[in-house]
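Peer 1: I am sharing start_2.tsv, which consists of TSV, C-alpha atoms and all ligand atoms:
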```
chain	number	residue	atom	x	y	z
A	15	MET	CA	252.62	71.43	282.75
A	16	THR	CA	253.70	68.76	285.24
A	17	LEU	CA	254.09	65.03	284.54
A	18	PRO	CA	251.01	62.77	284.74
A	19	ILE	CA	250.29	61.39	288.20
A	20	LYS	CA	249.04	57.96	289.23
A	21	ALA	CA	245.61	57.77	290.87
A	22	SER	CA	247.12	56.18	293.96
A	23	ASP	CA	249.38	59.22	294.40
A	24	LEU	CA	246.68	61.73	293.45
A	25	PHE	CA	244.37	60.48	296.18
A	26	ASP	CA	247.03	59.65	298.75
A	27	LEU	CA	245.91	61.03	302.13
A	28	ARG	CA	248.96	60.12	304.17
A	29	GLY	CA	249.82	63.07	306.43
A	30	GLU	CA	246.19	64.18	306.71
A	31	VAL	CA	244.28	64.15	309.99
A	32	ALA	CA	240.56	63.79	309.33
A	33	LEU	CA	237.62	64.44	311.63
A	34	VAL	CA	234.38	62.82	310.51
A	35	THR	CA	231.25	63.83	312.43
A	36	GLY	CA	228.30	61.46	312.59
A	37	ALA	CA	230.56	58.49	311.90
A	38	SER	CA	228.61	55.97	313.99
A	39	SER	CA	226.43	54.89	311.05
A	40	GLY	CA	225.48	55.40	307.42
A	41	LEU	CA	227.54	57.68	305.23
A	42	GLY	CA	229.84	58.87	308.01
A	43	TRP	CA	230.89	55.29	308.76
A	44	ARG	CA	231.77	54.77	305.11
A	45	PHE	CA	233.56	58.15	304.83
A	46	ALA	CA	235.79	57.31	307.80
A	47	LYS	CA	236.71	53.91	306.37
A	48	THR	CA	237.45	55.34	302.93
A	49	LEU	CA	239.67	58.12	304.29
A	50	ALA	CA	241.54	55.69	306.54
A	51	ALA	CA	242.00	53.21	303.67
A	52	ASN	CA	243.74	55.97	301.74
A	53	GLY	CA	246.16	56.90	304.51
A	54	ALA	CA	244.44	59.54	306.66
A	55	LYS	CA	244.45	59.27	310.42
A	56	VAL	CA	240.77	59.51	311.32
A	57	VAL	CA	239.03	60.92	314.34
A	58	ILE	CA	235.47	59.70	314.44
A	59	GLY	CA	232.78	61.50	316.40
A	60	ALA	CA	229.12	60.88	317.24
A	61	ARG	CA	226.95	60.27	320.29
A	62	ARG	CA	226.86	56.43	320.11
A	63	VAL	CA	230.37	55.71	321.34
A	64	ASP	CA	229.99	51.90	321.33
A	65	ARG	CA	229.43	52.00	317.58
A	66	LEU	CA	232.35	54.37	317.07
A	67	GLN	CA	234.59	52.05	319.03
A	68	ALA	CA	233.56	49.14	316.78
A	69	LEU	CA	234.42	51.27	313.73
A	70	ALA	CA	237.78	52.30	315.21
A	71	ASP	CA	238.55	48.62	315.83
A	72	GLU	CA	237.66	47.76	312.20
A	73	ILE	CA	239.87	50.55	310.86
A	74	LYS	CA	242.79	49.48	313.05
A	75	ALA	CA	242.31	45.83	312.05
A	76	ASP	CA	242.63	46.99	308.41
A	77	GLY	CA	245.95	48.69	309.24
A	78	GLY	CA	244.64	52.25	309.67
A	79	GLU	CA	244.72	54.70	312.56
A	80	ALA	CA	241.54	55.86	314.28
A	81	LEU	CA	240.36	57.56	317.45
A	82	ALA	CA	236.74	57.41	318.64
A	83	ILE	CA	235.42	60.47	320.46
A	84	ALA	CA	232.01	61.12	322.03
A	85	LEU	CA	230.69	64.14	320.17
A	86	ASP	CA	227.35	65.89	320.12
A	87	THR	CA	227.70	68.55	317.42
A	88	SER	CA	224.92	70.62	318.96
A	89	ASP	CA	227.23	71.16	321.95
A	90	HIS	CA	229.98	73.71	321.28
A	91	ALA	CA	232.11	72.63	324.24
A	92	ALA	CA	232.02	69.04	322.96
A	93	ILE	CA	233.20	70.24	319.54
A	94	ARG	CA	236.16	72.08	321.08
A	95	ASN	CA	236.98	69.02	323.17
A	96	ALA	CA	236.93	66.78	320.05
A	97	PHE	CA	239.49	69.02	318.35
A	98	ASP	CA	241.64	69.07	321.51
A	99	GLU	CA	241.58	65.26	321.68
A	100	ALA	CA	242.30	64.96	317.96
A	101	GLU	CA	245.29	67.28	318.25
A	102	LYS	CA	246.65	65.38	321.23
A	103	ALA	CA	246.43	62.08	319.38
A	104	PHE	CA	247.34	62.98	315.79
A	105	GLY	CA	247.99	66.75	315.42
A	106	THR	CA	246.00	69.51	313.70
A	107	VAL	CA	242.82	68.39	311.92
A	108	THR	CA	243.47	69.12	308.23
A	109	LEU	CA	240.39	67.46	306.81
A	110	LEU	CA	236.89	67.91	308.22
A	111	VAL	CA	233.88	65.97	306.99
A	112	ASN	CA	230.86	67.77	308.41
A	113	ASN	CA	228.47	64.83	308.07
A	114	ALA	CA	226.34	64.63	311.26
A	115	GLY	CA	222.72	65.30	310.42
A	116	VAL	CA	219.12	64.56	311.30
A	117	SER	CA	216.05	64.69	309.08
A	118	GLY	CA	213.20	65.50	311.47
A	119	THR	CA	210.50	64.51	308.97
A	120	LYS	CA	207.11	65.87	310.10
A	121	PRO	CA	204.16	67.69	308.55
A	122	THR	CA	205.09	71.36	308.89
A	123	ILE	CA	201.88	72.23	310.70
A	124	ASN	CA	202.95	69.93	313.56
A	125	VAL	CA	206.56	71.14	313.82
A	126	SER	CA	207.19	72.62	317.27
A	127	GLU	CA	209.82	75.19	318.14
A	128	GLN	CA	211.83	72.35	319.71
A	129	ASP	CA	211.53	70.21	316.54
A	130	TRP	CA	212.84	73.11	314.48
A	131	ARG	CA	215.74	73.71	316.89
A	132	ASP	CA	216.58	69.99	317.00
A	133	VAL	CA	217.15	69.97	313.23
A	134	LEU	CA	218.84	73.36	312.91
A	135	SER	CA	221.13	72.86	315.92
A	136	VAL	CA	222.74	69.79	314.32
A	137	ASN	CA	222.38	70.42	310.58
A	138	LEU	CA	223.35	74.09	310.58
A	139	ASP	CA	224.71	75.29	313.94
A	140	GLY	CA	226.76	72.11	314.31
A	141	VAL	CA	228.20	72.42	310.82
A	142	TRP	CA	229.03	76.08	311.44
A	143	PHE	CA	230.69	75.60	314.83
A	144	THR	CA	232.67	72.57	313.69
A	145	ALA	CA	233.89	74.36	310.56
A	146	HIS	CA	234.67	77.49	312.58
A	147	GLU	CA	236.75	75.50	315.07
A	148	ALA	CA	238.61	73.71	312.27
A	149	ILE	CA	239.37	76.98	310.48
A	150	LYS	CA	240.62	78.78	313.61
A	151	ARG	CA	242.99	75.94	314.39
A	152	LEU	CA	244.24	75.58	310.79
A	153	ILE	CA	245.04	79.29	310.66
A	154	ALA	CA	246.77	79.18	314.06
A	155	ALA	CA	248.88	76.23	312.90
A	156	ASP	CA	249.45	77.84	309.46
A	157	ARG	CA	248.28	74.65	307.74
A	158	PRO	CA	246.21	74.18	304.57
A	159	GLY	CA	243.01	72.18	304.92
A	160	SER	CA	239.87	70.84	303.33
A	161	ILE	CA	236.35	71.03	304.70
A	162	ILE	CA	233.67	68.86	303.13
A	163	ASN	CA	230.11	69.67	304.13
A	164	ILE	CA	227.47	67.03	303.50
A	165	ALA	CA	224.56	68.89	301.98
A	166	SER	CA	221.66	67.22	300.12
A	167	ILE	CA	219.63	67.57	296.95
A	168	LEU	CA	217.21	69.21	299.38
A	169	SER	CA	219.74	72.07	299.48
A	170	PHE	CA	218.26	73.20	296.15
A	171	ARG	CA	215.01	71.23	295.74
A	172	ALA	CA	212.07	70.91	298.14
A	173	SER	CA	209.94	68.10	299.46
A	174	LYS	CA	206.89	67.98	301.72
A	175	THR	CA	207.35	67.41	305.48
A	176	LEU	CA	211.03	68.33	305.34
A	177	ALA	CA	210.94	72.13	305.63
A	178	ALA	CA	213.45	72.44	308.48
A	179	TYR	CA	215.77	69.90	306.85
A	180	ALA	CA	215.62	71.65	303.45
A	181	ALA	CA	216.18	75.06	305.07
A	182	SER	CA	219.19	73.74	306.99
A	183	LYS	CA	220.72	72.03	303.97
A	184	GLY	CA	220.16	75.09	301.77
A	185	ALA	CA	222.01	77.11	304.39
A	186	VAL	CA	224.84	74.56	304.46
A	187	LEU	CA	225.42	75.21	300.77
A	188	GLN	CA	225.60	78.98	301.24
A	189	LEU	CA	227.82	78.51	304.28
A	190	THR	CA	230.12	76.36	302.11
A	191	ARG	CA	230.41	79.15	299.55
A	192	ALA	CA	230.84	81.93	302.12
A	193	LEU	CA	233.64	80.09	303.95
A	194	ALA	CA	235.29	79.10	300.66
A	195	VAL	CA	235.49	82.72	299.56
A	196	GLU	CA	236.68	84.03	302.92
A	197	PHE	CA	239.36	81.45	303.66
A	198	ALA	CA	240.80	80.70	300.22
A	199	ARG	CA	243.69	83.04	301.10
A	200	ASN	CA	244.46	80.76	304.07
A	201	ARG	CA	244.70	77.72	301.76
A	202	ILE	CA	241.51	76.28	303.26
A	203	ARG	CA	239.19	74.74	300.68
A	204	VAL	CA	235.50	74.34	301.51
A	205	ASN	CA	233.32	72.18	299.28
A	206	ALA	CA	230.08	70.23	299.56
A	207	ILE	CA	228.68	66.89	298.49
A	208	ALA	CA	224.94	66.88	297.80
A	209	PRO	CA	223.68	63.29	297.88
A	210	GLY	CA	220.31	62.21	296.61
A	211	TYR	CA	218.75	59.12	298.15
A	212	ILE	CA	221.49	56.84	299.42
A	213	GLU	CA	220.64	53.59	301.18
A	214	THR	CA	221.59	53.63	304.86
A	215	GLU	CA	220.14	51.66	307.76
A	216	LEU	CA	217.90	54.64	308.45
A	217	ASN	CA	215.98	54.43	305.17
A	218	SER	CA	216.52	50.93	303.74
A	219	ASP	CA	213.15	49.65	305.04
A	220	PHE	CA	211.36	52.69	303.62
A	221	PHE	CA	212.68	52.03	300.12
A	222	LYS	CA	211.10	48.57	300.20
A	223	THR	CA	207.63	50.08	300.76
A	224	GLU	CA	205.20	51.11	298.01
A	225	LYS	CA	205.98	54.80	298.63
A	226	GLY	CA	209.69	54.04	298.46
A	227	GLU	CA	209.26	52.15	295.17
A	228	TYR	CA	207.27	55.09	293.76
A	229	LEU	CA	210.03	57.46	294.78
A	230	LYS	CA	212.65	55.33	293.05
A	231	ARG	CA	210.70	55.52	289.80
A	232	GLY	CA	211.26	59.31	289.84
A	233	ILE	CA	215.02	58.85	289.74
A	234	PRO	CA	216.35	58.62	286.16
A	235	GLN	CA	218.65	55.73	287.12
A	236	ARG	CA	215.58	54.03	288.72
A	237	ARG	CA	217.39	53.15	291.93
A	238	ILE	CA	218.78	54.69	295.08
A	239	GLY	CA	222.49	54.98	295.65
A	240	ASP	CA	224.90	52.94	297.71
A	241	PRO	CA	227.20	54.75	300.21
A	242	SER	CA	230.20	53.46	298.22
A	243	GLU	CA	229.06	55.62	295.30
A	244	LEU	CA	230.18	58.69	297.27
A	245	ASP	CA	233.77	57.42	297.63
A	246	GLY	CA	235.03	59.13	294.48
A	247	ALA	CA	233.65	62.57	295.34
A	248	LEU	CA	234.89	62.26	298.90
A	249	LEU	CA	238.42	61.41	297.82
A	250	LEU	CA	238.39	64.08	295.13
A	251	LEU	CA	237.47	66.84	297.58
A	252	ALA	CA	239.65	65.46	300.39
A	253	ALA	CA	242.91	65.01	298.49
A	254	PRO	CA	244.91	68.24	298.25
A	255	ARG	CA	246.53	67.19	294.98
A	256	ALA	CA	243.27	66.08	293.35
A	257	SER	CA	241.22	69.21	293.99
A	258	SER	CA	243.73	71.96	294.74
A	259	PHE	CA	241.82	74.51	292.60
A	260	MET	CA	238.34	73.49	293.79
A	261	THR	CA	236.66	75.50	296.49
A	262	GLY	CA	233.05	76.52	296.97
A	263	SER	CA	231.97	73.64	294.71
A	264	VAL	CA	229.11	71.25	295.20
A	265	VAL	CA	229.22	67.72	293.82
A	266	THR	CA	225.74	66.28	293.33
A	267	ILE	CA	225.38	62.49	293.46
A	268	ASP	CA	221.76	61.52	292.88
A	269	GLY	CA	221.28	59.30	289.81
A	270	GLY	CA	220.01	62.37	287.95
A	271	GLN	CA	217.08	62.99	290.29
A	272	SER	CA	217.55	66.69	290.95
A	273	ILE	CA	217.71	67.70	287.27
A	274	SER	CA	214.82	65.56	286.07
A	275	LEU	CA	211.25	66.71	285.41
A	276	ASP	CA	210.03	63.16	284.72
A	277	HIS	CA	208.35	60.74	287.06
B	1	LIG	N1	221.26	58.84	303.23
B	1	LIG	C1	220.77	59.74	302.40
B	1	LIG	O1	219.96	59.43	301.54
B	1	LIG	C2	221.23	61.19	302.49
B	1	LIG	C3	220.90	62.05	301.44
B	1	LIG	C4	221.32	63.36	301.49
B	1	LIG	C5	222.05	63.83	302.56
B	1	LIG	N2	222.34	62.99	303.58
B	1	LIG	C6	223.11	63.53	304.70
B	1	LIG	O2	224.18	62.68	304.99
B	1	LIG	C7	224.51	62.78	306.37
B	1	LIG	C8	224.55	61.36	306.96
B	1	LIG	O3	223.26	60.79	306.87
B	1	LIG	P1	223.00	59.20	306.89
B	1	LIG	O4	222.06	58.91	305.81
B	1	LIG	O5	224.28	58.49	306.97
B	1	LIG	O6	222.16	59.08	308.23
B	1	LIG	P2	222.41	58.25	309.58
B	1	LIG	O7	222.79	56.85	309.27
B	1	LIG	O8	221.22	58.53	310.44
B	1	LIG	O9	223.67	58.97	310.19
B	1	LIG	C9	223.59	60.19	310.82
B	1	LIG	C10	224.80	60.32	311.72
B	1	LIG	O10	224.74	61.61	312.34
B	1	LIG	C11	225.00	61.41	313.72
B	1	LIG	N3	224.36	62.46	314.50
B	1	LIG	C12	223.07	62.81	314.59
B	1	LIG	N4	222.91	63.80	315.47
B	1	LIG	C13	224.15	64.07	315.96
B	1	LIG	C14	224.66	64.99	316.91
B	1	LIG	N5	223.86	65.82	317.59
B	1	LIG	N6	225.99	64.99	317.17
B	1	LIG	C15	226.82	64.15	316.52
B	1	LIG	N7	226.41	63.26	315.61
B	1	LIG	C16	225.08	63.23	315.35
B	1	LIG	C17	224.48	60.04	314.06
B	1	LIG	O11	225.22	59.49	315.15
B	1	LIG	P3	224.73	59.39	316.68
B	1	LIG	O12	223.25	59.16	316.67
B	1	LIG	O13	225.53	58.26	317.21
B	1	LIG	O14	225.12	60.71	317.29
B	1	LIG	C18	224.82	59.27	312.81
B	1	LIG	O15	226.13	58.75	312.88
B	1	LIG	C19	223.45	63.69	306.99
B	1	LIG	O16	223.96	65.00	307.09
B	1	LIG	C20	222.33	63.63	305.99
B	1	LIG	O17	221.51	64.77	306.03
B	1	LIG	C21	221.96	61.67	303.57
```
Write out the structure in this file as structure tokens.
Peer 2:
Amino acid sequence: MTLPIKASDLFDLRGEVALVTGASSGLGWRFAKTLAANGAKVVIGARRVDRLQALADEIKADGGEALAIALDTSDHAAIRNAFDEAEKAFGTVTLLVNNAGVSGTKPTINVSEQDWRDVLSVNLDGVWFTAHEAIKRLIAADRPGSIINIASILSFRASKTLAAYAASKGAVLQLTRALAVEFARNRIRVNAIAPGYIETELNSDFFKTEKGEYLKRGIPQRRIGDPSELDGALLLLAAPRASSFMTGSVVTIDGGQSISLDH
């Protein structure tokens, strides 16, 4: 048994180089700020570079280190380029937050082949190629690492008009487990966070509508979550000391929604 450790040491991310995909808004924005606030150098990727630059400026103003990179995770060459740029600036990426995602809500009968591909190419292919690139480079550098995939309660529950999204997020969970098992021997941990409804600029108007209010009543805590309520799980899975024996796990953060039969 080792001596007790202080929380500030347990979750210290100094020495880690993080890549957060989809950091230009919502949860990714918050993830990048939280990792930087705890010492990680963060590389932030998404398509809206102006927003990434604003985030990088905020992180730097708070005393952190950040690099904004244009990244479309449905483009494999862009993924490789992001890792190259990250390595040039900070060294090997040791912490990947696979967060970029789209919902593609549409009645299934109207979903075209292109609609399906648009969701799967970001939510599944993008997660796979980004994780694959991270793993190859960690092994080549002989470094341990942590990959955190952002799944959803729709990874294990279903909802109308979200078939492609639910299929992609279910696959993300299995991908998490498959990679965890295969790369444990390389000291690479792969875990997932499955959020329920979390307020971001994308859905905040919806939750003020009658349908949104109805939905909230089905959540045992009777409210949706705030992005800050994912901080603890993020830091737990990111910090090598805090979760050294955790891999293939999924942390669900949903106010009890996914285990409730009540409405
Ligand atoms: N909020 C929730 O209630 C909730 C619940 C469960 C799971 N999630 C998951 O959490 C993640 C973040 O969602 P959010 O709520 O924060 O939504 P959001 O505010 O819409 O953020 C999505 C992010 O993904 C990026 N993105 C989309 N397509 C991309 C692509 N092709 N390449 C690179 N980046 C791309 C967007 O940036 P650009 O447009 O600038 O590229 C944006 O930064 C998603 O995976 C989502 O499925 C969210």
Peer 1: Have a look at A:Thr214, A:Thr122, A:Ser22, A:Asn52 and name the one nearest to ligand LIG 1 (chain B); count only C-alpha atoms and all ligand atoms.
Peer 2: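 Of the candidates, the smallest distance to ligand LIG 1 (chain B) is held by A:Thr214.
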Peer 1: Quick one: everything within 8 Å of A:Ala194, counting all atoms listed in the file, minus sequence neighbours fewer than 6 positions away in the same chain. Send it as a list in words.
Peer 2: Ile202, Arg203, Val204, Asn205, Thr261 and Gly262 of chain A
Peer 1: Keeping only C-alpha atoms, write the selected residues as a PDB file, keeping the file's coordinate frame.
Peer 2:
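Written output follows (result.pdb):
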```pdb
ATOM      1  CA  ILE A 202     241.510  76.280 303.260  1.00  0.00           C
ATOM      2  CA  ARG A 203     239.190  74.740 300.680  1.00  0.00           C
ATOM      3  CA  VAL A 204     235.500  74.340 301.510  1.00  0.00           C
ATOM      4  CA  ASN A 205     233.320  72.180 299.280  1.00  0.00           C
ATOM      5  CA  THR A 261     236.660  75.500 296.490  1.00  0.00           C
ATOM      6  CA  GLY A 262     233.050  76.520 296.970  1.00  0.00           C
TER       7      GLY A 262
END
```
Peer 1: Using all atoms listed in the file, list the residues that have an atom at most 6 Å from (221.2, 57.5, 294.7), coordinates as in the file, as a list in words.
Peer 2: Gly210, Tyr211, Ile212, Ile238, Gly239, Asp268 and Gly269 of chain A
Peer 1: Mind listing the residues within 9 Å of ligand LIG 1 (chain B), only C-alpha atoms and all ligand atoms counted, as a VMD selection string?
Peer 2: chain A and resid 35 to 44 59 to 66 84 to 89 112 to 117 132 to 133 135 to 137 140 163 to 168 179 183 207 to 217 238 to 241 268
Peer 1: Point out the residue among A:Phe170, A:Arg191, A:Val34, A:Phe104 with the least atom-to-atom distance to A:Glu79, counting all atoms listed in the file.
Peer 2: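 Looking at the shortest contact to A:Glu79, the residue is A:Phe104.
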Peer 1: Which residues are close to A:Ala155, i.e. within 10 Å by only C-alpha atoms, leaving aside same-chain residues fewer than 5 positions away? Reply as a list of chain:residue names.
Peer 2: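 Contacts, with the query itself left out: A:Gly105, A:Thr106, A:Val107, A:Ile149, A:Lys150.
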